[in-house]
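To be precise, the following lines are target-v6.csv, and they hold CSV, C-alpha atoms.
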chain,number,residue,atom,x,y,z
A,1,MET,CA,13.3,277.0,193.4
A,2,THR,CA,11.3,277.6,190.2
A,3,ALA,CA,14.5,277.3,188.2
A,4,PHE,CA,15.2,274.0,189.9
A,5,ILE,CA,11.8,272.6,189.0
A,6,ARG,CA,12.0,274.0,185.5
A,7,ASN,CA,15.4,272.3,185.0
A,8,LEU,CA,14.0,269.1,186.4
A,9,LEU,CA,11.2,269.1,183.9
A,10,ARG,CA,13.7,269.9,181.1
A,11,LEU,CA,15.7,266.8,182.2
A,12,ARG,CA,18.8,268.7,183.0
A,13,ARG,CA,21.7,266.9,184.7
A,14,GLY,CA,22.3,269.3,187.7
A,15,PRO,CA,18.9,269.1,189.5
A,16,TRP,CA,18.4,265.4,188.7
A,17,GLU,CA,21.9,264.6,190.1
A,18,MET,CA,21.0,266.5,193.2
A,19,VAL,CA,17.8,264.5,193.6
A,20,ALA,CA,19.7,261.2,193.2
A,21,SER,CA,22.4,262.3,195.7
A,22,VAL,CA,19.8,263.2,198.3
A,23,LEU,CA,18.2,259.8,197.8
A,24,ILE,CA,21.5,258.0,198.2
A,25,ALA,CA,22.4,260.0,201.3
A,26,LEU,CA,18.9,259.4,202.8
A,27,GLY,CA,19.2,255.7,202.1
A,28,VAL,CA,22.6,255.4,203.8
A,29,VAL,CA,21.3,257.4,206.9
A,30,MET,CA,18.3,255.1,207.0
A,31,LEU,CA,20.5,252.0,206.8
A,32,MET,CA,22.7,253.1,209.7
A,33,GLN,CA,20.4,255.0,212.0
A,34,PRO,CA,19.7,253.4,215.4
A,35,PHE,CA,16.2,254.7,216.0
A,36,VAL,CA,13.4,253.3,213.7
A,37,LYS,CA,13.7,249.8,212.3
A,38,ILE,CA,11.2,250.3,209.5
A,39,LEU,CA,13.6,252.9,208.0
A,40,PHE,CA,16.3,250.3,208.0
A,41,THR,CA,14.0,247.9,206.2
A,42,TRP,CA,13.3,250.4,203.4
A,43,SER,CA,16.8,251.8,203.2
A,44,PHE,CA,18.2,249.6,200.5
A,45,LEU,CA,15.4,250.4,198.2
A,46,VAL,CA,16.0,254.1,198.6
A,47,THR,CA,19.8,253.7,198.1
A,48,LEU,CA,19.3,251.5,195.1
A,49,THR,CA,16.8,253.9,193.5
A,50,GLY,CA,19.2,256.8,194.1
A,51,THR,CA,22.2,254.9,192.7
A,52,VAL,CA,20.5,253.7,189.6
A,53,MET,CA,19.0,257.2,189.1
A,54,PHE,CA,22.5,258.7,189.5
A,55,LEU,CA,23.9,256.4,186.8
A,56,ILE,CA,21.1,257.4,184.4
A,57,VAL,CA,20.9,261.1,185.0
A,58,SER,CA,24.7,261.6,184.8
A,59,HIS,CA,24.2,261.1,181.1
A,60,PHE,CA,21.7,264.0,180.8
A,61,ARG,CA,22.7,267.3,179.2
A,62,GLU,CA,24.1,270.1,181.5
B,2,MET,CA,76.1,248.0,162.4
B,3,ALA,CA,74.1,246.0,164.9
B,4,GLN,CA,70.3,246.0,164.3
B,5,SER,CA,67.9,246.9,167.1
B,6,PRO,CA,65.6,244.1,168.5
B,7,ILE,CA,62.6,246.0,167.0
B,8,THR,CA,64.1,246.0,163.5
B,9,ARG,CA,65.0,242.3,163.9
B,10,ALA,CA,61.5,241.4,165.0
B,11,ALA,CA,60.0,243.4,162.1
B,12,GLN,CA,62.2,241.5,159.6
B,13,ALA,CA,61.4,238.2,161.2
B,14,THR,CA,57.6,238.7,160.9
B,15,PRO,CA,56.2,236.7,158.0
B,16,GLU,CA,55.2,238.9,155.1
B,17,PRO,CA,51.4,238.1,155.1
B,18,LEU,CA,51.2,238.9,158.8
B,19,ALA,CA,53.2,242.1,158.4
B,20,ARG,CA,50.9,243.2,155.6
B,21,ARG,CA,47.9,242.6,157.8
B,22,ILE,CA,49.4,244.6,160.7
B,23,ARG,CA,50.3,247.5,158.4
B,24,GLY,CA,46.7,247.6,157.3
B,25,LEU,CA,45.3,248.1,160.8
B,26,SER,CA,44.0,251.5,161.8
B,27,ASP,CA,45.3,253.3,164.9
B,28,ARG,CA,42.0,252.6,166.7
B,29,ALA,CA,42.4,248.8,166.0
B,30,ILE,CA,45.9,248.8,167.3
B,31,ALA,CA,44.8,250.7,170.4
B,32,TRP,CA,42.1,248.0,171.0
B,33,ILE,CA,44.7,245.2,170.6
B,34,PHE,CA,46.8,246.8,173.3
B,35,ILE,CA,43.9,247.4,175.8
B,36,ALA,CA,42.0,244.2,175.1
B,37,PRO,CA,44.0,242.1,177.6
B,38,SER,CA,43.3,244.6,180.4
B,39,ILE,CA,39.6,244.8,179.6
B,40,PHE,CA,39.4,241.0,179.5
B,41,LEU,CA,41.2,240.7,182.9
B,42,LEU,CA,38.9,243.4,184.3
B,43,LEU,CA,35.8,241.5,183.1
B,44,ALA,CA,37.1,238.2,184.4
B,45,VAL,CA,38.2,239.5,187.8
B,46,ASN,CA,35.7,242.2,188.6
B,47,ILE,CA,32.6,242.2,186.4
B,48,PHE,CA,31.9,238.5,186.2
B,49,PRO,CA,32.1,237.8,190.0
B,50,LEU,CA,29.8,240.8,190.5
B,51,ILE,CA,27.2,239.5,188.1
B,52,TRP,CA,27.5,236.0,189.5
B,53,THR,CA,27.1,237.4,193.1
B,54,ILE,CA,23.9,239.2,192.0
B,55,ARG,CA,22.6,236.0,190.5
B,56,LEU,CA,23.4,234.0,193.6
B,57,SER,CA,21.7,236.5,195.8
B,58,PHE,CA,18.3,235.4,194.5
B,59,THR,CA,19.0,231.7,195.3
B,60,ASP,CA,19.4,229.5,198.4
B,61,TYR,CA,22.8,228.3,197.2
B,62,ARG,CA,25.2,226.8,199.8
B,63,VAL,CA,28.8,226.5,198.7
B,64,ASN,CA,29.4,223.6,201.1
B,65,ARG,CA,26.7,221.5,199.4
B,66,PRO,CA,27.6,221.8,195.7
B,67,ASN,CA,25.5,218.8,194.7
B,68,ARG,CA,22.3,220.1,196.2
B,69,ASP,CA,19.7,221.6,193.8
B,70,ILE,CA,19.8,225.4,193.8
B,71,GLU,CA,16.3,226.9,194.4
B,72,TRP,CA,15.3,230.4,193.1
B,73,VAL,CA,14.0,232.3,196.2
B,74,GLY,CA,13.5,235.7,194.6
B,75,LEU,CA,13.8,238.6,197.1
B,76,GLN,CA,13.6,236.4,200.2
B,77,ASN,CA,17.3,236.8,201.1
B,78,TYR,CA,17.0,240.6,200.8
B,79,ARG,CA,13.8,240.6,202.9
B,80,ARG,CA,15.4,238.5,205.7
B,81,ILE,CA,18.5,240.7,205.8
B,82,LEU,CA,16.6,244.0,205.9
B,83,THR,CA,14.3,242.8,208.8
B,84,ASP,CA,17.1,241.2,210.8
B,85,SER,CA,17.8,243.1,214.1
B,86,ASP,CA,21.4,241.6,214.4
B,87,ILE,CA,22.3,243.0,211.0
B,88,TRP,CA,20.8,246.4,211.9
B,89,GLN,CA,23.0,246.4,215.1
B,90,THR,CA,26.0,245.5,212.8
B,91,MET,CA,25.2,248.5,210.6
B,92,GLN,CA,25.2,250.8,213.6
B,93,ALA,CA,28.5,249.4,214.9
B,94,THR,CA,29.9,250.1,211.4
B,95,ALA,CA,28.5,253.6,211.3
B,96,HIS,CA,30.1,254.3,214.8
B,97,PHE,CA,33.5,253.0,213.6
B,98,LEU,CA,33.3,254.8,210.2
B,99,ILE,CA,32.3,258.2,211.5
B,100,TRP,CA,34.7,258.4,214.5
B,101,THR,CA,37.7,257.0,212.6
B,102,ILE,CA,37.3,259.5,209.8
B,103,VAL,CA,36.7,262.5,212.1
B,104,LEU,CA,39.7,261.6,214.3
B,105,GLN,CA,42.0,260.7,211.4
B,106,VAL,CA,41.2,263.9,209.5
B,107,LEU,CA,41.7,266.2,212.5
B,108,ILE,CA,44.9,264.6,213.8
B,109,GLY,CA,46.3,263.9,210.3
B,110,PHE,CA,45.8,267.5,209.2
B,111,ALA,CA,47.3,268.8,212.5
B,112,LEU,CA,50.3,266.6,212.1
B,113,ALA,CA,50.7,267.6,208.4
B,114,TRP,CA,50.5,271.3,209.5
B,115,LEU,CA,53.3,270.8,212.1
B,116,ILE,CA,55.5,268.8,209.7
B,117,ASN,CA,55.0,271.4,207.0
B,118,SER,CA,56.4,274.1,209.2
B,119,LYS,CA,59.8,272.4,208.6
B,120,PHE,CA,61.4,272.4,212.1
B,121,ARG,CA,64.7,270.7,212.8
B,122,SER,CA,64.6,267.0,212.1
B,123,SER,CA,61.1,267.1,210.6
B,124,ASN,CA,62.1,264.4,208.1
B,125,PHE,CA,63.1,262.1,210.9
B,126,TRP,CA,59.7,262.7,212.7
B,127,THR,CA,57.8,262.1,209.4
B,128,THR,CA,59.4,258.7,209.1
B,129,ILE,CA,58.6,257.9,212.7
B,130,ILE,CA,54.9,259.0,212.3
B,131,VAL,CA,54.5,257.0,209.1
B,132,LEU,CA,55.8,253.7,210.7
B,133,PRO,CA,52.3,252.4,211.9
B,134,MET,CA,50.9,252.5,208.4
B,135,MET,CA,53.6,250.1,207.2
B,136,LEU,CA,52.7,247.4,209.7
B,137,SER,CA,50.4,244.5,208.9
B,138,PRO,CA,46.9,245.0,210.4
B,139,ALA,CA,47.3,241.6,212.1
B,140,VAL,CA,50.5,242.8,213.8
B,141,VAL,CA,48.7,246.0,214.9
B,142,GLY,CA,45.8,244.1,216.2
B,143,ASN,CA,48.0,241.8,218.2
B,144,PHE,CA,50.1,244.7,219.4
B,145,TRP,CA,47.0,246.7,220.6
B,146,THR,CA,45.6,243.6,222.3
B,147,PHE,CA,48.7,243.7,224.6
B,148,LEU,CA,48.4,247.5,225.1
B,149,TYR,CA,44.8,247.1,226.2
B,150,GLN,CA,45.6,244.3,228.8
B,151,PRO,CA,44.1,245.5,232.1
B,152,GLN,CA,47.0,244.2,234.2
B,153,ILE,CA,50.1,244.9,232.1
B,154,GLY,CA,48.8,247.1,229.2
B,155,LEU,CA,50.5,250.4,228.6
B,156,PHE,CA,47.3,252.0,227.5
B,157,ASN,CA,45.5,251.1,230.7
B,158,HIS,CA,48.5,252.4,232.8
B,159,ALA,CA,48.6,255.6,230.8
B,160,ILE,CA,44.9,256.2,231.4
B,161,ALA,CA,45.3,255.3,235.0
B,162,PHE,CA,48.2,257.8,235.3
B,163,VAL,CA,46.1,260.6,233.9
B,164,THR,CA,42.8,259.9,235.7
B,165,GLY,CA,44.0,258.2,238.9
B,166,ALA,CA,41.8,255.2,238.3
B,167,ASP,CA,43.0,251.6,238.9
B,168,PRO,CA,44.4,250.2,235.6
B,169,ALA,CA,42.9,246.8,236.3
B,170,SER,CA,39.4,248.3,236.8
B,171,PHE,CA,38.5,248.6,233.1
B,172,SER,CA,39.1,246.4,230.1
B,173,MET,CA,39.1,248.2,226.7
B,174,ILE,CA,38.3,245.1,224.7
B,175,GLY,CA,36.2,243.2,227.2
B,176,ASP,CA,33.8,246.0,228.1
B,177,VAL,CA,30.6,246.5,225.9
B,178,ALA,CA,30.8,250.3,226.2
B,179,LEU,CA,34.6,250.6,225.6
B,180,ALA,CA,35.2,248.0,222.9
B,181,PRO,CA,33.8,250.1,220.0
B,182,TRP,CA,36.3,252.9,221.1
B,183,ALA,CA,39.1,250.4,221.3
B,184,ILE,CA,38.9,249.6,217.6
B,185,VAL,CA,38.5,253.3,216.7
B,186,ILE,CA,41.7,254.1,218.6
B,187,ALA,CA,43.7,251.3,217.1
B,188,ASP,CA,42.6,252.2,213.5
B,189,THR,CA,43.2,255.9,214.1
B,190,TRP,CA,46.7,255.1,215.4
B,191,MET,CA,47.4,253.0,212.3
B,192,TRP,CA,45.9,255.1,209.5
B,193,THR,CA,46.3,258.7,210.7
B,194,PRO,CA,49.8,258.8,209.0
B,195,PHE,CA,48.1,258.1,205.6
B,196,VAL,CA,45.8,261.1,206.0
B,197,MET,CA,48.8,263.1,207.2
B,198,LEU,CA,50.8,262.2,204.0
B,199,ILE,CA,47.9,263.3,201.7
B,200,CYS,CA,47.4,266.5,203.6
B,201,LEU,CA,51.2,267.2,203.5
B,202,ALA,CA,51.1,266.8,199.8
B,203,GLY,CA,48.3,269.3,199.6
B,204,LEU,CA,50.0,271.8,201.9
B,205,ARG,CA,53.3,271.5,199.9
B,206,SER,CA,51.5,272.1,196.7
B,207,ILE,CA,50.4,275.6,197.8
B,208,PRO,CA,52.8,278.2,196.3
B,209,GLU,CA,54.6,280.4,198.8
B,210,SER,CA,53.8,283.5,196.7
B,211,ILE,CA,50.1,283.3,197.7
B,212,TYR,CA,51.0,283.6,201.3
B,213,GLU,CA,53.4,286.5,200.5
B,214,ALA,CA,50.6,288.3,198.7
B,215,ALA,CA,48.2,287.7,201.6
B,216,GLU,CA,50.9,289.1,204.0
B,217,CYS,CA,51.1,292.2,201.8
B,218,ASP,CA,47.3,292.5,202.1
B,219,ARG,CA,47.8,292.3,205.9
B,220,ALA,CA,45.7,289.2,206.2
B,221,SER,CA,46.1,287.6,209.6
B,222,LYS,CA,47.4,284.0,210.0
B,223,TRP,CA,43.9,282.9,211.0
B,224,ARG,CA,42.4,284.5,207.8
B,225,GLN,CA,45.2,283.0,205.7
B,226,PHE,CA,44.4,279.5,207.1
B,227,TRP,CA,40.7,279.7,206.4
B,228,THR,CA,40.8,281.5,203.0
B,229,LEU,CA,43.9,280.0,201.5
B,230,THR,CA,45.1,276.8,203.2
B,231,VAL,CA,41.8,275.1,203.9
B,232,PRO,CA,40.3,275.6,200.4
B,233,MET,CA,43.5,274.5,198.6
B,234,VAL,CA,44.0,271.4,200.8
B,235,LEU,CA,40.3,270.5,200.6
B,236,PRO,CA,40.4,268.3,197.4
B,237,PHE,CA,43.3,266.3,199.0
B,238,LEU,CA,41.4,266.0,202.3
B,239,MET,CA,38.3,264.8,200.5
B,240,LEU,CA,40.4,262.2,198.6
B,241,ALA,CA,41.7,261.0,202.0
B,242,VAL,CA,38.2,260.8,203.4
B,243,LEU,CA,37.1,258.8,200.3
B,244,PHE,CA,39.9,256.3,200.6
B,245,ARG,CA,39.5,255.9,204.4
B,246,GLY,CA,35.7,255.8,204.2
B,247,ILE,CA,35.7,252.9,201.6
B,248,GLU,CA,38.5,251.1,203.4
B,249,ASN,CA,36.8,251.3,206.8
B,250,PHE,CA,33.5,250.3,205.5
B,251,LYS,CA,35.3,247.0,204.5
B,252,MET,CA,37.4,246.8,207.7
B,253,PHE,CA,38.0,243.2,208.7
B,254,ASP,CA,41.5,242.1,209.7
B,255,LEU,CA,42.4,244.6,212.4
B,256,VAL,CA,39.0,244.2,214.2
B,257,VAL,CA,39.0,240.4,214.0
B,258,GLN,CA,42.5,240.3,215.5
B,259,LEU,CA,41.7,242.8,218.2
B,260,THR,CA,38.2,241.9,219.4
B,261,GLY,CA,36.9,239.2,217.1
B,262,GLY,CA,33.6,241.1,216.9
B,263,GLY,CA,33.0,240.9,220.6
B,264,PRO,CA,32.1,241.3,223.4
B,265,GLY,CA,28.8,239.9,222.2
B,266,ASN,CA,28.5,241.5,218.8
B,267,THR,CA,29.3,245.1,219.8
B,268,THR,CA,32.2,245.4,217.4
B,269,GLU,CA,31.0,243.0,214.8
B,270,LEU,CA,31.3,245.2,211.6
B,271,THR,CA,29.5,244.3,208.4
B,272,SER,CA,32.4,242.6,206.8
B,273,ILE,CA,33.0,240.3,209.8
B,274,ASN,CA,29.2,239.5,209.9
B,275,LEU,CA,29.3,238.9,206.1
B,276,LYS,CA,32.3,236.5,206.5
B,277,ARG,CA,30.4,234.6,209.2
B,278,GLU,CA,27.3,234.2,207.0
B,279,ALA,CA,29.4,233.1,204.0
B,280,PHE,CA,32.1,230.9,205.5
B,281,GLU,CA,30.9,229.8,208.9
B,282,LYS,CA,27.2,229.3,208.3
B,283,TRP,CA,27.8,228.6,204.6
B,284,ARG,CA,24.7,230.6,203.5
B,285,THR,CA,26.1,231.7,200.2
B,286,GLY,CA,23.0,233.0,198.6
B,287,TYR,CA,22.1,235.0,201.7
B,288,ALA,CA,25.7,236.3,202.0
B,289,SER,CA,25.6,237.3,198.4
B,290,ALA,CA,22.5,239.4,198.9
B,291,TYR,CA,24.2,241.0,201.9
B,292,ALA,CA,27.3,241.7,199.8
B,293,VAL,CA,25.1,243.3,197.1
B,294,ILE,CA,23.5,245.6,199.7
B,295,LEU,CA,26.9,246.7,200.9
B,296,PHE,CA,28.2,247.2,197.4
B,297,VAL,CA,25.2,249.4,196.4
B,298,THR,CA,25.7,251.5,199.5
B,299,VAL,CA,29.4,252.1,199.0
B,300,PHE,CA,29.0,252.6,195.2
B,301,GLY,CA,26.2,255.2,195.8
B,302,LEU,CA,28.2,257.0,198.4
B,303,ALA,CA,31.4,257.0,196.2
B,304,SER,CA,29.4,258.4,193.3
B,305,ILE,CA,28.1,261.4,195.1
B,306,TYR,CA,31.5,261.9,196.8
B,307,VAL,CA,33.4,261.9,193.5
B,308,LYS,CA,30.9,264.4,192.1
B,309,ALA,CA,31.5,266.7,195.2
B,310,LEU,CA,35.3,266.2,194.7
B,311,ASN,CA,35.1,267.3,191.1
B,312,ARG,CA,33.1,270.3,192.0
B,313,VAL,CA,35.7,271.3,194.6
B,314,LYS,CA,38.5,270.8,192.1
B,315,ASP,CA,36.7,272.9,189.5
B,316,ARG,CA,36.3,275.8,191.9

Just give me the structure as structure tokens.
Amino acid sequence: MTAFIRNLLRLRRGPWEMVASVLIALGVVMLMQPFVKILFTWSFLVTLTGTVMFLIVSHFRE
Amino acid sequence: MAQSPITRAAQATPEPLARRIRGLSDRAIAWIFIAPSIFLLLAVNIFPLIWTIRLSFTDYRVNRPNRDIEWVGLQNYRRILTDSDIWQTMQATAHFLIWTIVLQVLIGFALAWLINSKFRSSNFWTTIIVLPMMLSPAVVGNFWTFLYQPQIGLFNHAIAFVTGADPASFSMIGDVALAPWAIVIADTWMWTPFVMLICLAGLRSIPESIYEAAECDRASKWRQFWTLTVPMVLPFLMLAVLFRGIENFKMFDLVVQLTGGGPGNTTELTSINLKREAFEKWRTGYASAYAVILFVTVFGLASIYVKALNRVKDR
């Protein structure tokens, strides 16, 4: 966990890609879940943030 | 001696032009060759994408080209993401996507496993299994509409034979609870062969010597399956899931032919809903925002999926 946070602060690709992937997956689940409408409303923002973040952080150093 | 066409073309090139070509670097020549493809890609893919994003912030209607286009900011996005009908459409798409992928992967892998055991006439059966994939989705939709007929449909009679129920007592495409399963079954029937072919390629790429070594180590068949077969077929399987996932997210023709999105809007998938907004209600700006939301979703999913695929391949 500490190594994960340290690598996040050092702007390393691995942990940042992980954060972006989690955001994308969360956004898609929010978009398609049948339970809470407010989650559906905010889903696109979460997915968009994750996708843009993924595009940026995939250019970080390993 | 007859000269080759290349030599003749070189001799026919005017001297000033020939000198200029000779002076080009390898990089410049490479650019000359790929420039038409890049231009085509920009014109066919990138330009429409940018144009769609621009339209998504307007109230443009393509059936009223002379009307002034008003900039509405994020209003289209706000309306889509608070619309209960679109939320229902997303759930219908999720149901279709999850079940088709699960069934196609399980059945496709099982069929590939059987075909790979090379029994007598396995090539003949491969051809028979692959046939549905070669049909047009419109034909498959029509064909399954007949199969699902309550009075004369083979599907209903088969279910009646197994369960003892009256075949006319249920309608696969007319019942709210059964219609989502009707489209899942038809798509699974059509596209399982595709997953099977990809799995078969994966299974046939595993060298026989690995299994022989495992036999020497007294590994059981079960152990061989989980520690050799599955990890080595996994990249192929993931590729099949990626292809089917993207395709089914955009599924349109088969479902339109089979249920038309009904009954009600229970089988109205996102692409059918999008088409209605764009070409029946003519709300082009609104439909563009809808398309952008779907694009970002598929693009994001494909990005993490390709990353996972690369990780599995590197293993």

_Gap from CA of Arg284 (chain B) to CA of Arg62 (chain B) - Å, one decimal_ =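 So the two atoms, CA of Arg284 (chain B) and CA of Arg62 (chain B), lie 5.3 Å apart.
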
Exercise answer, chain A residues close to chain B, 10 Å and all atoms listed in the file, as a short mmCIF file (atom, residue, chain, number, x, y, z; two decimals) with C-alpha atoms, in the frame of the given file:
data_model
loop_
_atom_site.label_atom_id
_atom_site.label_comp_id
_atom_site.auth_asym_id
_atom_site.auth_seq_id
_atom_site.Cartn_x
_atom_site.Cartn_y
_atom_site.Cartn_z
CA GLU A 17 21.90 264.60 190.10
CA MET A 18 21.00 266.50 193.20
CA ALA A 20 19.70 261.20 193.20
CA SER A 21 22.40 262.30 195.70
CA VAL A 22 19.80 263.20 198.30
CA LEU A 23 18.20 259.80 197.80
CA ILE A 24 21.50 258.00 198.20
CA ALA A 25 22.40 260.00 201.30
CA GLY A 27 19.20 255.70 202.10
CA VAL A 28 22.60 255.40 203.80
CA VAL A 29 21.30 257.40 206.90
CA LEU A 31 20.50 252.00 206.80
CA MET A 32 22.70 253.10 209.70
CA GLN A 33 20.40 255.00 212.00
CA PRO A 34 19.70 253.40 215.40
CA LYS A 37 13.70 249.80 212.30
CA ILE A 38 11.20 250.30 209.50
CA LEU A 39 13.60 252.90 208.00
CA PHE A 40 16.30 250.30 208.00
CA THR A 41 14.00 247.90 206.20
CA TRP A 42 13.30 250.40 203.40
CA SER A 43 16.80 251.80 203.20
CA PHE A 44 18.20 249.60 200.50
CA LEU A 45 15.40 250.40 198.20
CA THR A 47 19.80 253.70 198.10
CA LEU A 48 19.30 251.50 195.10
CA THR A 49 16.80 253.90 193.50
CA GLY A 50 19.20 256.80 194.10
CA THR A 51 22.20 254.90 192.70
CA VAL A 52 20.50 253.70 189.60
CA PHE A 54 22.50 258.70 189.50
CA LEU A 55 23.90 256.40 186.80
CA SER A 58 24.70 261.60 184.80
#

_Two-atom distance - CA of Ser172 (chain B), CA of Phe97 (chain B) (Å)_ =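 Interatomic distance, CA of Ser172 (chain B) to CA of Phe97 (chain B): 18.6 Å.
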
*If you measure from CA of Arg61 (chain A) to CA of Ala303 (chain B), what distance in Å do you get, rounded to one decimal?*
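Between CA of Arg61 (chain A) and CA of Ala303 (chain B) the gap is 21.7 Å.
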
*With a distance cut-off of 9 Å and all atoms listed in the file, select the neighbouring residues of region 163-169 of chain B, excluding the residue or stretch itself and same-chain residues fewer than 3 positions from it, and output the selection as a ChimeraX atom specification.*
/B:150-154,156-160,172

Might you pull out every residue within 9 Å of region 115-128 of chain B, with only C-alpha atoms counted and same-chain residues fewer than 4 positions away left off, and present them as a compact mmCIF listing (two decimals) with C-alpha atoms, keeping the file's coordinate frame?
# COMPACT_ATOMS: atom_id res chain seq x y z
CA PHE B 110 45.80 267.50 209.20
CA ALA B 111 47.30 268.80 212.50
CA LEU B 132 55.80 253.70 210.70
CA PRO B 194 49.80 258.80 209.00
CA LEU B 198 50.80 262.20 204.00
CA LEU B 201 51.20 267.20 203.50
CA LEU B 204 50.00 271.80 201.90
CA ARG B 205 53.30 271.50 199.90
